[in-house]
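All remarks here apply to the structure that follows.
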Amino acid sequence: MRMLANENAQMVPLLVERLQREAPDMDLTLVDKTGEPMGPIADAEILFRFNVPNAALTRAMDAAPNLRWVHTGSAGVEGFIDLVRDHAPQAVLTNGSGTMALPIAEFVLAQIFAAAKELPFFWRAQQQHEWRSRGAPPPRAEVSGSRLVILGLGSIGQDLARLAAGVGMEVWGMRRTPLAPGETIPHVTRVMASDAAWREMLPAADYVAVCLPLTPATRHLVGAAELARLRPTAWIINISRGAIIDEAALAAALAANQIGGAALDVTETEPLPPDSPLWDLPNAIITPHVSWRSPELDRRSLDLFFDNLRRYRAGEPLRNVVPYDVGY
């Protein structure tokens with residue numbers, strides 16, 4: 001049995017070592033960043049994708065008509081799910097959902113504390129070599145006892161709920177489907193479905209964390225109307241995909257101090273253009289899509305993949321299957 005993997009993935013040495021130890025009969029062909037195979041490819045059944053351009057992915061899939069399983073290390077599949085469906089319709093698609101949940105949840109919590117303690121103000125003062133103990137913004141409410149609304153209660157949202165509850169926050173959340181009778185989500189005291197009146201939660205939020213996948217249904221889900229429902233002290237934190245928030249509406253709300261602030265690890269266009277007004281807003285924290293970073297990521301990604309490889313070879317259902325009709 002043969003599998004494909006992109007040769008520029010950082011985890012390739014670990015992948016090769018795990019294959020030799022756990023699946024020594026598996027043949028591996030690496031594919032370069034253009035999609036050019038570095039060995040046999042036509043008989044490949046499995047494609048392991050990690051940070052490879054779509055053009056290379058398409059070329060590899062077209063050259064491997066026997067593909068039965070495509071795995072991506074990322075959690076989000078927008079931008080290439082259609083490619084897999086069009087170029088390898090016979091293949092099951094799985095993603096890396098859950099492998100990045102903990103570092104992302106920790107990142108959100110760090111941004112909440114940064115906002116609560118007015119750290120951006122003091123960072124700017126440090127850059128100017130100024131000791132601004134006076135003139136600082138008035139202290140915000142303590143994190144403990146504040147309310148966090150999580151949009152999206154998948155693996156990231158649930159890890160975030162656990163961490164936030166652990167520091168004394170009250171957690172509300174939104175998900176795509178209503179809770180079944182008797183169903184609960186640990187650490188989340190109120191759950192609304194995305195097709196119901198989840199917007200009713202926004203005026204009560206001290207912080208809003210966007211943890212949703214990007215689909216046609218979630219694009220610009222948070223727009224001017226939703227931002228207008230937030231308290232003037234509320235912060236919104238986006239670690240999923242930039243297009244879930246209407247960026248122009250957000251920039252306008254921040255400039256007018258309509259809301260307390262925004263911490264954005266993702267933006268509609270990445271990298272964020274140098275002329276974006278978001279760069280210069282004192283109530284915006286911009287980071288370059290790095291919330292997922294962790295020294296444990298490669299290990300978690302390979303643990304998931306090799307569990308699924310065992311399942312695949314045993315004819316068992318795979319974990320993290322992405323339904324094409326849902327999109328995540």
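Ordered as shown in the structure tokens, chains take letters A, B, and onward, while each chain numbers its residues from 1 and ligands are numbered from 1 in the order shown.
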Excluding Gly173 (chain A) and any residue of its chain fewer than 4 positions from it, enumerate the residues within 9 Å of it, using only C-alpha atoms, and give them as a short mmCIF file (atom, residue, chain, number, x, y, z; two decimals) with C-alpha atoms, in the first residue's frame.
data_model
loop_
_atom_site.label_atom_id
_atom_site.label_comp_id
_atom_site.auth_asym_id
_atom_site.auth_seq_id
_atom_site.Cartn_x
_atom_site.Cartn_y
_atom_site.Cartn_z
CA LEU A 148 -17.53 34.64 27.72
CA VAL A 149 -19.70 33.82 24.71
CA ILE A 150 -18.14 31.19 22.45
CA LEU A 151 -19.35 31.03 18.86
CA GLY A 152 -18.66 27.43 17.89
CA LEU A 153 -18.49 24.62 20.42
CA GLY A 157 -14.66 25.91 21.82
CA ALA A 161 -14.86 26.60 27.85
CA VAL A 188 -21.10 25.79 29.30
CA THR A 189 -24.10 27.05 31.23
CA ARG A 190 -26.20 28.22 28.29
CA VAL A 191 -26.20 26.89 24.71
CA MET A 192 -28.03 28.36 21.73
CA ALA A 193 -28.20 26.93 18.22
CA TRP A 198 -28.02 33.11 19.57
CA MET A 201 -26.49 36.38 24.11
#
Margin query: When you look at Pro120 (chain A) with a cut-off of 9 Å (counting only C-alpha atoms), what residues show up, excluding the ones that are within fewer than 4 positions of it in the same chain? I need them as a PyMOL selection string.
Written below: chain A and resi 114-115+124-125+282-285
Item checked: Coordinates-based distance that separates CA of Leu278 (chain A) from CA of Ile259 (chain A) (Å, one decimal) -> 13.9 Å
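Within the 6 Å cut-off around Ser144 (chain A), using only C-alpha atoms and omitting residues fewer than 5 positions from it on the same chain, the listed residues are Val167, Gly168 and Met169 of chain A.
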Next item on the list: Taking the chain letters and numbering used in this document, name the residues of region 164-245 of chain A that DSSP puts in helix (DSSP H, G or I), as a list in words.
Entry: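 Here is the list: Ala164, Ala165, Gly166, Trp198, Arg199, Glu200, Met201, Leu202, Pro203, Ala204, Ala224, Ala225, Glu226, Leu227, Ala228, Gly242, Ala243 and Ile244 of chain A.
Among A:Cys211, A:Leu302, A:Leu179, A:Ala197, the residue with the shortest atom-to-atom distance to Glu226 (chain A), counting only C-alpha atoms, is A:Ala197.
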